[in-house]
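As provided, query.csv (CSV, C-alpha atoms) reads as follows.
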chain,number,residue,atom,x,y,z
A,28,LYS,CA,0.0,0.0,0.0
A,29,GLN,CA,1.2,3.5,-0.8
A,30,GLU,CA,2.6,5.4,2.1
A,31,VAL,CA,3.2,9.2,2.1
A,32,THR,CA,5.4,11.0,4.5
A,33,GLN,CA,5.9,14.7,5.1
A,34,ILE,CA,8.8,16.0,7.0
A,35,PRO,CA,9.0,18.2,9.1
A,36,ALA,CA,5.6,18.0,10.8
A,37,ALA,CA,5.9,21.6,11.8
A,38,LEU,CA,8.0,24.5,10.7
A,39,SER,CA,8.4,28.1,11.9
A,40,VAL,CA,10.2,30.7,9.8
A,41,PRO,CA,10.6,34.5,9.8
A,42,GLU,CA,8.8,36.5,7.2
A,43,GLY,CA,10.8,36.8,3.9
A,44,GLU,CA,12.6,33.5,4.2
A,45,ASN,CA,12.6,31.0,1.4
A,46,LEU,CA,11.6,27.5,2.5
A,47,VAL,CA,11.2,23.9,1.3
A,48,LEU,CA,8.6,21.4,2.4
A,49,ASN,CA,9.2,17.7,1.7
A,50,CYS,CA,7.0,14.8,0.6
A,51,SER,CA,8.1,11.2,0.1
A,52,PHE,CA,6.1,8.2,-1.1
A,53,THR,CA,6.9,4.5,-1.2
A,54,ASP,CA,5.5,3.4,-4.6
A,55,SER,CA,6.6,5.3,-7.7
A,56,ALA,CA,3.7,4.0,-9.8
A,57,ILE,CA,1.7,7.2,-9.7
A,58,TYR,CA,-0.2,9.3,-12.2
A,59,ASN,CA,0.3,12.6,-10.4
A,60,LEU,CA,1.1,14.4,-7.2
A,61,GLN,CA,-0.9,17.2,-5.8
A,62,TRP,CA,0.0,19.8,-3.2
A,63,PHE,CA,-2.7,21.3,-1.0
A,64,ARG,CA,-3.1,24.1,1.5
A,65,GLN,CA,-5.4,23.8,4.5
A,66,ASP,CA,-6.3,26.6,6.8
A,67,PRO,CA,-7.6,25.8,10.3
A,68,GLY,CA,-11.1,24.3,10.3
A,69,LYS,CA,-11.3,24.5,6.5
A,70,GLY,CA,-11.2,22.2,3.5
A,71,LEU,CA,-8.2,21.6,1.2
A,72,THR,CA,-7.3,24.1,-1.5
A,73,SER,CA,-5.3,22.8,-4.4
A,74,LEU,CA,-2.0,24.6,-5.0
A,75,LEU,CA,-0.2,22.6,-7.7
A,76,LEU,CA,-0.6,19.4,-9.6
A,77,ILE,CA,2.4,17.7,-11.1
A,78,GLN,CA,1.9,14.9,-13.7
A,79,SER,CA,4.1,11.9,-13.4
A,80,SER,CA,5.8,12.9,-16.7
A,81,GLN,CA,6.7,16.3,-15.4
A,82,ARG,CA,9.6,17.5,-13.2
A,83,GLU,CA,8.1,20.7,-11.8
A,84,GLN,CA,5.3,23.1,-11.7
A,85,THR,CA,5.2,26.8,-10.8
A,86,SER,CA,2.5,29.1,-9.6
A,87,GLY,CA,3.5,32.5,-8.4
A,88,ARG,CA,5.9,32.1,-5.4
A,89,LEU,CA,5.3,28.4,-5.3
A,90,ASN,CA,7.4,25.8,-7.1
A,91,ALA,CA,6.8,22.1,-6.8
A,92,SER,CA,9.2,19.4,-8.1
A,93,LEU,CA,8.8,15.7,-8.6
A,94,ASP,CA,11.4,13.0,-8.7
A,95,LYS,CA,9.2,9.9,-9.3
A,96,SER,CA,12.0,7.4,-9.4
A,97,SER,CA,13.2,8.3,-5.9
A,98,GLY,CA,9.7,8.9,-4.5
A,99,ARG,CA,10.2,12.5,-3.6
A,100,SER,CA,8.6,15.9,-4.1
A,101,THR,CA,9.4,19.3,-2.7
A,102,LEU,CA,7.3,22.4,-2.4
A,103,TYR,CA,9.4,25.6,-2.5
A,104,ILE,CA,7.9,28.8,-1.2
A,105,ALA,CA,9.8,32.0,-2.0
A,106,ALA,CA,9.8,35.1,0.1
A,107,SER,CA,7.4,33.7,2.7
A,108,GLN,CA,4.6,35.9,4.1
A,109,PRO,CA,2.4,35.6,7.3
A,110,GLY,CA,-0.5,34.7,5.0
A,111,ASP,CA,1.3,31.6,4.0
A,112,SER,CA,0.8,30.2,7.5
A,113,ALA,CA,-1.3,27.0,7.0
A,114,THR,CA,-0.9,23.2,6.8
A,115,TYR,CA,0.5,21.9,3.6
A,116,LEU,CA,-0.4,18.4,2.4
A,117,CYS,CA,0.8,16.4,-0.5
A,118,ALA,CA,-1.2,13.6,-2.1
A,119,VAL,CA,-0.3,11.0,-4.8
A,120,ARG,CA,-2.7,9.3,-7.1
A,121,PRO,CA,-1.8,5.7,-8.2
A,122,VAL,CA,-5.2,5.0,-10.0
A,123,ASP,CA,-8.5,6.3,-8.7
A,124,GLN,CA,-7.6,6.7,-5.0
A,125,PHE,CA,-5.5,9.4,-3.5
A,126,TYR,CA,-3.0,8.9,-0.7
A,127,PHE,CA,-2.2,11.8,1.6
A,128,GLY,CA,0.6,12.7,3.9
A,129,THR,CA,-0.2,14.0,7.4
A,130,GLY,CA,1.0,17.5,6.4
A,131,THR,CA,3.5,20.1,7.5
A,132,SER,CA,2.2,22.9,9.7
A,133,LEU,CA,3.9,26.2,8.6
A,134,THR,CA,4.0,29.3,10.7
A,135,VAL,CA,5.5,32.5,9.1
A,136,ILE,CA,6.4,35.0,11.8
A,137,PRO,CA,6.0,38.7,11.0
B,6,ASP,CA,-14.1,27.0,-11.0
B,7,VAL,CA,-15.1,23.6,-9.5
B,8,LYS,CA,-17.4,23.9,-6.6
B,9,VAL,CA,-17.8,21.1,-4.1
B,10,THR,CA,-20.4,22.0,-1.5
B,11,GLN,CA,-21.0,20.2,1.8
B,12,SER,CA,-24.3,20.9,3.4
B,13,SER,CA,-23.2,21.8,6.9
B,14,ARG,CA,-20.0,23.3,8.3
B,15,TYR,CA,-20.8,22.2,11.8
B,16,LEU,CA,-23.1,19.5,13.1
B,17,VAL,CA,-23.8,18.2,16.6
B,18,LYS,CA,-25.6,14.9,17.0
B,19,ARG,CA,-26.3,12.4,19.8
B,20,THR,CA,-25.0,8.9,20.2
B,21,GLY,CA,-27.2,6.4,18.3
B,22,GLU,CA,-28.7,8.9,15.9
B,23,LYS,CA,-28.6,8.3,12.1
B,24,VAL,CA,-26.6,11.1,10.6
B,25,PHE,CA,-26.5,12.2,6.9
B,26,LEU,CA,-23.7,14.3,5.5
B,27,GLU,CA,-24.4,15.6,2.0
B,28,CYS,CA,-22.0,16.6,-0.7
B,29,VAL,CA,-22.7,18.2,-4.1
B,30,GLN,CA,-20.3,19.0,-7.0
B,31,ASP,CA,-21.1,21.1,-10.0
B,32,MET,CA,-18.5,19.9,-12.5
B,33,ASP,CA,-20.0,16.6,-13.7
B,34,HIS,CA,-17.2,14.6,-12.1
B,35,GLU,CA,-17.4,10.8,-12.1
B,36,ASN,CA,-15.4,10.3,-8.9
B,37,MET,CA,-16.5,11.4,-5.5
B,38,PHE,CA,-14.8,10.7,-2.1
B,39,TRP,CA,-15.5,10.9,1.6
B,40,TYR,CA,-12.6,11.3,4.0
B,41,ARG,CA,-12.3,11.9,7.7
B,42,GLN,CA,-9.4,13.9,9.1
B,43,ASP,CA,-8.2,13.4,12.7
B,44,PRO,CA,-5.1,15.0,14.3
B,45,GLY,CA,-2.0,12.9,13.8
B,46,LEU,CA,-3.8,10.5,11.5
B,47,GLY,CA,-4.2,12.7,8.4
B,48,LEU,CA,-6.9,12.1,5.8
B,49,ARG,CA,-8.3,8.6,5.7
B,50,LEU,CA,-10.6,7.4,2.9
B,51,ILE,CA,-14.0,6.1,4.1
B,52,TYR,CA,-15.7,5.4,0.7
B,53,PHE,CA,-15.5,6.5,-2.8
B,54,SER,CA,-17.7,6.3,-5.9
B,55,TYR,CA,-16.7,6.2,-9.5
B,56,ASP,CA,-20.2,6.3,-11.0
B,57,VAL,CA,-23.9,6.6,-10.1
B,58,LYS,CA,-25.0,3.8,-7.8
B,59,MET,CA,-21.4,2.5,-7.6
B,60,LYS,CA,-19.3,2.5,-4.4
B,61,GLU,CA,-16.0,1.2,-3.2
B,62,LYS,CA,-14.9,0.8,0.4
B,63,GLY,CA,-11.9,2.8,1.5
B,64,ASP,CA,-9.6,2.2,4.4
B,65,ILE,CA,-12.1,2.8,7.2
B,66,PRO,CA,-15.7,2.0,6.1
B,67,GLU,CA,-16.9,0.4,9.3
B,68,GLY,CA,-19.9,2.2,10.8
B,69,TYR,CA,-20.5,4.2,7.6
B,70,SER,CA,-22.5,3.7,4.4
B,71,VAL,CA,-22.9,5.9,1.3
B,72,SER,CA,-25.4,6.7,-1.4
B,73,ARG,CA,-25.0,8.0,-4.9
B,74,GLU,CA,-28.3,8.2,-6.6
B,75,LYS,CA,-27.3,11.2,-8.8
B,76,LYS,CA,-24.0,12.0,-10.4
B,77,GLU,CA,-23.6,15.3,-8.6
B,78,ARG,CA,-24.5,14.1,-5.1
B,79,PHE,CA,-22.7,11.8,-2.7
B,80,SER,CA,-24.1,11.2,0.8
B,81,LEU,CA,-22.3,9.7,3.8
B,82,ILE,CA,-24.5,8.0,6.3
B,83,LEU,CA,-23.6,7.2,9.9
B,84,GLU,CA,-26.0,4.4,10.7
B,85,SER,CA,-25.8,4.7,14.4
B,86,ALA,CA,-23.5,7.5,15.5
B,87,SER,CA,-20.9,6.9,18.1
B,88,THR,CA,-18.5,9.3,19.9
B,89,ASN,CA,-15.5,7.9,18.1
B,90,GLN,CA,-17.0,9.3,14.9
B,91,THR,CA,-16.5,12.8,16.1
B,92,SER,CA,-14.2,14.2,13.4
B,93,MET,CA,-13.8,16.5,10.4
B,94,TYR,CA,-15.4,15.0,7.3
B,95,LEU,CA,-14.2,16.1,3.9
B,96,CYS,CA,-15.8,15.5,0.5
B,97,ALA,CA,-13.9,15.6,-2.7
B,98,SER,CA,-14.5,15.0,-6.4
B,99,SER,CA,-12.4,14.4,-9.5
B,100,SER,CA,-12.8,13.6,-13.1
B,101,ARG,CA,-12.3,10.0,-14.1
B,102,GLY,CA,-9.1,10.7,-16.0
B,103,PRO,CA,-6.1,9.5,-13.9
B,104,ARG,CA,-4.3,12.7,-14.5
B,105,GLU,CA,-7.0,15.0,-13.1
B,106,PRO,CA,-6.8,16.8,-9.8
B,107,GLN,CA,-9.0,16.3,-6.8
B,108,HIS,CA,-11.2,19.2,-5.5
B,109,PHE,CA,-12.4,19.5,-1.9
B,110,GLY,CA,-15.4,21.0,-0.1
B,111,ASP,CA,-15.0,23.1,3.0
B,112,GLY,CA,-15.6,20.2,5.4
B,113,THR,CA,-18.1,19.3,8.1
B,114,ARG,CA,-17.0,19.4,11.7
B,115,LEU,CA,-19.2,16.6,13.3
B,116,SER,CA,-19.5,16.2,17.0
B,117,ILE,CA,-21.2,13.2,18.5
B,118,LEU,CA,-22.3,13.7,22.1

Can I see the file as structure tokens?
Amino acid sequence: KQEVTQIPAALSVPEGENLVLNCSFTDSAIYNLQWFRQDPGKGLTSLLLIQSSQREQTSGRLNASLDKSSGRSTLYIAASQPGDSATYLCAVRPVDQFYFGTGTSLTVIP
Amino acid sequence: DVKVTQSSRYLVKRTGEKVFLECVQDMDHENMFWYRQDPGLGLRLIYFSYDVKMKEKGDIPEGYSVSREKKERFSLILESASTNQTSMYLCASSSRGPREPQHFGDGTRLSIL
């Protein structure tokens, strides 16, 4: 069964810093990997979707990379802002199901 | 934009009650999912459906059932609510294509007293 791990579980950084969140998965047979943001008490908001054939995707200050063969993805956030404070989750899709990590809780300190 | 709507943001019910959680999506998606989210355990799949009247068990189906009578609506049913079903419930949908993303509703915070 696919297992998805996110390290660290929590991260606190000063405003303006660049940071990297990590996601690893055990089975490389995936169609895509999706990064989400979750604010407290809310649902998940999709940030980036990387297909298995792609190496990276960018949206504004966010850049996600995928190394399928090693089972790793990173989410790079440039010039962090207090509004980036949230929990970030990654999910992989082998077929129809999605498998989620437990997330990284990010706090950006003004 | 895809819209996934869950009928309630907060719900409080009593032990033994039959509870219905409703989810509607407006993008004609084939696949719909119900998850529960608990601290330290992440998202766990309860049931999913890939077509009308079709359903598949996820990782934790015990104590739950689902109904999908129309393509846009997927209902989660707690047959006899128990306190260990207190949780955040999240509904999601996706197109059938394996390369398509998943879209989530705002969640329902369910408390069973």

Counting all atoms listed in the file, which residues of chain A sit at most 8 Å from some atom of chain B, and what is each one's closest atom pair with its distance in Å to one decimal, listed by chain and rising residue number, as a Markdown table?
| residue | atom | partner | partner_atom | distance |
| --- | --- | --- | --- | --- |
| A:Tyr58 | CA | B:Arg104 | CA | 5.8 |
| A:Asn59 | CA | B:Arg104 | CA | 6.2 |
| A:Gln61 | CA | B:Pro106 | CA | 7.1 |
| A:Gly68 | CA | B:Arg114 | CA | 7.8 |
| A:Lys69 | CA | B:Asp111 | CA | 5.3 |
| A:Gly70 | CA | B:Asp111 | CA | 3.9 |
| A:Leu71 | CA | B:Phe109 | CA | 5.6 |
| A:Thr72 | CA | B:Phe109 | CA | 6.9 |
| A:Ser73 | CA | B:His108 | CA | 7.0 |
| A:Leu76 | CA | B:Pro106 | CA | 6.7 |
| A:Gln78 | CA | B:Arg104 | CA | 6.6 |
| A:Arg120 | CA | B:Pro103 | CA | 7.6 |
| A:Val122 | CA | B:Pro103 | CA | 6.0 |
| A:Asp123 | CA | B:Pro103 | CA | 6.6 |
| A:Phe127 | CA | B:Leu48 | CA | 6.3 |
| A:Gly128 | CA | B:Gly47 | CA | 6.6 |
| A:Thr129 | CA | B:Gly47 | CA | 4.3 |
| A:Gly130 | CA | B:Gly47 | CA | 7.4 |

For those residues, write C-alpha atoms to a file as a CSV table (one decimal), in the coordinates of the input.
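File written: out00.csv
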chain,number,residue,atom,x,y,z
A,58,TYR,CA,-0.2,9.3,-12.2
A,59,ASN,CA,0.3,12.6,-10.4
A,61,GLN,CA,-0.9,17.2,-5.8
A,68,GLY,CA,-11.1,24.3,10.3
A,69,LYS,CA,-11.3,24.5,6.5
A,70,GLY,CA,-11.2,22.2,3.5
A,71,LEU,CA,-8.2,21.6,1.2
A,72,THR,CA,-7.3,24.1,-1.5
A,73,SER,CA,-5.3,22.8,-4.4
A,76,LEU,CA,-0.6,19.4,-9.6
A,78,GLN,CA,1.9,14.9,-13.7
A,120,ARG,CA,-2.7,9.3,-7.1
A,122,VAL,CA,-5.2,5.0,-10.0
A,123,ASP,CA,-8.5,6.3,-8.7
A,127,PHE,CA,-2.2,11.8,1.6
A,128,GLY,CA,0.6,12.7,3.9
A,129,THR,CA,-0.2,14.0,7.4
A,130,GLY,CA,1.0,17.5,6.4

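Distance check against Cys28 of chain B using all atoms listed in the file: of B:Ile65, B:Leu81, B:Leu115, B:Ala86, the minimum falls on B:Leu81.
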
Coordinates-based distance that separates atom CA of Gln29 of chain A from atom CA of Tyr69 of chain B (Å, one decimal):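 Those two atoms sit 23.3 Å apart.
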
Residue nearest Met37 of chain B among B:Glu22, B:Glu84, B:Asp56, B:Asp64 (counting only C-alpha atoms):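 Of the candidates, the smallest distance to Met37 of chain B is held by B:Asp56.
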
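The nearest approach to Ser97 of chain A among the residues A:Asp54, A:Glu44, A:Asp66, A:Asp111, with all atoms listed in the file taken into account, belongs to A:Asp54.
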
Between atom CA of Pro66 of chain B and atom CA of Ile82 of chain B, distance in Å (one decimal): 10.7 Å

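Of note, atom CA of Ser86 of chain A and atom CA of Glu77 of chain B are spaced 29.5 Å apart.
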
What would segment 109-135 of chain A look like with N, CA and C atoms restored, written as a PDB file, in the coordinates of the input?
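Done, and the output landed in rebuild-v2.pdb:
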ATOM      1  N   PRO A 109       3.293  36.114   6.197  1.00  0.00           N
ATOM      2  CA  PRO A 109       2.400  35.600   7.300  1.00  0.00           C
ATOM      3  C   PRO A 109       1.174  34.907   6.722  1.00  0.00           C
ATOM      4  N   GLY A 110       0.657  35.373   5.597  1.00  0.00           N
ATOM      5  CA  GLY A 110      -0.500  34.700   5.000  1.00  0.00           C
ATOM      6  C   GLY A 110      -0.268  33.357   4.455  1.00  0.00           C
ATOM      7  N   ASP A 111       0.992  32.936   4.392  1.00  0.00           N
ATOM      8  CA  ASP A 111       1.300  31.600   4.000  1.00  0.00           C
ATOM      9  C   ASP A 111       1.147  30.572   5.109  1.00  0.00           C
ATOM     10  N   SER A 112       0.941  31.069   6.309  1.00  0.00           N
ATOM     11  CA  SER A 112       0.800  30.200   7.500  1.00  0.00           C
ATOM     12  C   SER A 112      -0.449  29.295   7.274  1.00  0.00           C
ATOM     13  N   ALA A 113      -0.221  28.000   7.306  1.00  0.00           N
ATOM     14  CA  ALA A 113      -1.300  27.000   7.000  1.00  0.00           C
ATOM     15  C   ALA A 113      -0.628  25.640   7.146  1.00  0.00           C
ATOM     16  N   THR A 114      -1.438  24.600   6.967  1.00  0.00           N
ATOM     17  CA  THR A 114      -0.900  23.200   6.800  1.00  0.00           C
ATOM     18  C   THR A 114      -0.856  22.882   5.368  1.00  0.00           C
ATOM     19  N   TYR A 115       0.265  22.313   4.956  1.00  0.00           N
ATOM     20  CA  TYR A 115       0.500  21.900   3.600  1.00  0.00           C
ATOM     21  C   TYR A 115       0.491  20.403   3.471  1.00  0.00           C
ATOM     22  N   LEU A 116      -0.334  19.882   2.583  1.00  0.00           N
ATOM     23  CA  LEU A 116      -0.400  18.400   2.400  1.00  0.00           C
ATOM     24  C   LEU A 116      -0.076  18.062   0.970  1.00  0.00           C
ATOM     25  N   CYS A 117       0.550  16.907   0.823  1.00  0.00           N
ATOM     26  CA  CYS A 117       0.800  16.400  -0.500  1.00  0.00           C
ATOM     27  C   CYS A 117      -0.058  15.080  -0.646  1.00  0.00           C
ATOM     28  N   ALA A 118      -0.432  14.767  -1.866  1.00  0.00           N
ATOM     29  CA  ALA A 118      -1.200  13.600  -2.100  1.00  0.00           C
ATOM     30  C   ALA A 118      -0.751  12.970  -3.466  1.00  0.00           C
ATOM     31  N   VAL A 119      -0.650  11.644  -3.516  1.00  0.00           N
ATOM     32  CA  VAL A 119      -0.300  11.000  -4.800  1.00  0.00           C
ATOM     33  C   VAL A 119      -1.471  10.146  -5.240  1.00  0.00           C
ATOM     34  N   ARG A 120      -1.551   9.984  -6.543  1.00  0.00           N
ATOM     35  CA  ARG A 120      -2.700   9.300  -7.100  1.00  0.00           C
ATOM     36  C   ARG A 120      -2.115   8.080  -7.961  1.00  0.00           C
ATOM     37  N   PRO A 121      -2.223   6.845  -7.441  1.00  0.00           N
ATOM     38  CA  PRO A 121      -1.800   5.700  -8.200  1.00  0.00           C
ATOM     39  C   PRO A 121      -2.872   5.388  -9.333  1.00  0.00           C
ATOM     40  N   VAL A 122      -4.135   5.229  -8.980  1.00  0.00           N
ATOM     41  CA  VAL A 122      -5.200   5.000 -10.000  1.00  0.00           C
ATOM     42  C   VAL A 122      -6.339   5.933  -9.663  1.00  0.00           C
ATOM     43  N   ASP A 123      -7.354   5.415  -8.990  1.00  0.00           N
ATOM     44  CA  ASP A 123      -8.500   6.300  -8.700  1.00  0.00           C
ATOM     45  C   ASP A 123      -8.410   6.849  -7.264  1.00  0.00           C
ATOM     46  N   GLN A 124      -7.728   6.160  -6.378  1.00  0.00           N
ATOM     47  CA  GLN A 124      -7.600   6.700  -5.000  1.00  0.00           C
ATOM     48  C   GLN A 124      -6.467   7.647  -4.895  1.00  0.00           C
ATOM     49  N   PHE A 125      -6.551   8.486  -3.876  1.00  0.00           N
ATOM     50  CA  PHE A 125      -5.500   9.400  -3.500  1.00  0.00           C
ATOM     51  C   PHE A 125      -4.956   9.052  -2.169  1.00  0.00           C
ATOM     52  N   TYR A 126      -3.652   9.152  -1.987  1.00  0.00           N
ATOM     53  CA  TYR A 126      -3.000   8.900  -0.700  1.00  0.00           C
ATOM     54  C   TYR A 126      -2.355  10.146  -0.200  1.00  0.00           C
ATOM     55  N   PHE A 127      -2.663  10.478   1.050  1.00  0.00           N
ATOM     56  CA  PHE A 127      -2.200  11.800   1.600  1.00  0.00           C
ATOM     57  C   PHE A 127      -1.149  11.582   2.661  1.00  0.00           C
ATOM     58  N   GLY A 128      -0.270  12.589   2.729  1.00  0.00           N
ATOM     59  CA  GLY A 128       0.600  12.700   3.900  1.00  0.00           C
ATOM     60  C   GLY A 128      -0.140  13.368   5.022  1.00  0.00           C
ATOM     61  N   THR A 129       0.486  13.418   6.200  1.00  0.00           N
ATOM     62  CA  THR A 129      -0.200  14.000   7.400  1.00  0.00           C
ATOM     63  C   THR A 129       0.080  15.527   7.444  1.00  0.00           C
ATOM     64  N   GLY A 130       0.875  16.060   6.527  1.00  0.00           N
ATOM     65  CA  GLY A 130       1.000  17.500   6.400  1.00  0.00           C
ATOM     66  C   GLY A 130       2.148  18.110   7.182  1.00  0.00           C
ATOM     67  N   THR A 131       2.521  19.312   6.760  1.00  0.00           N
ATOM     68  CA  THR A 131       3.500  20.100   7.500  1.00  0.00           C
ATOM     69  C   THR A 131       2.776  21.433   7.862  1.00  0.00           C
ATOM     70  N   SER A 132       2.785  21.716   9.161  1.00  0.00           N
ATOM     71  CA  SER A 132       2.200  22.900   9.700  1.00  0.00           C
ATOM     72  C   SER A 132       3.194  24.068   9.608  1.00  0.00           C
ATOM     73  N   LEU A 133       2.931  25.071   8.801  1.00  0.00           N
ATOM     74  CA  LEU A 133       3.900  26.200   8.600  1.00  0.00           C
ATOM     75  C   LEU A 133       3.378  27.432   9.310  1.00  0.00           C
ATOM     76  N   THR A 134       4.282  28.047  10.048  1.00  0.00           N
ATOM     77  CA  THR A 134       4.000  29.300  10.700  1.00  0.00           C
ATOM     78  C   THR A 134       5.058  30.324  10.167  1.00  0.00           C
ATOM     79  N   VAL A 135       4.605  31.429   9.597  1.00  0.00           N
ATOM     80  CA  VAL A 135       5.500  32.500   9.100  1.00  0.00           C
ATOM     81  C   VAL A 135       5.360  33.655  10.113  1.00  0.00           C
TER      82      VAL A 135
END
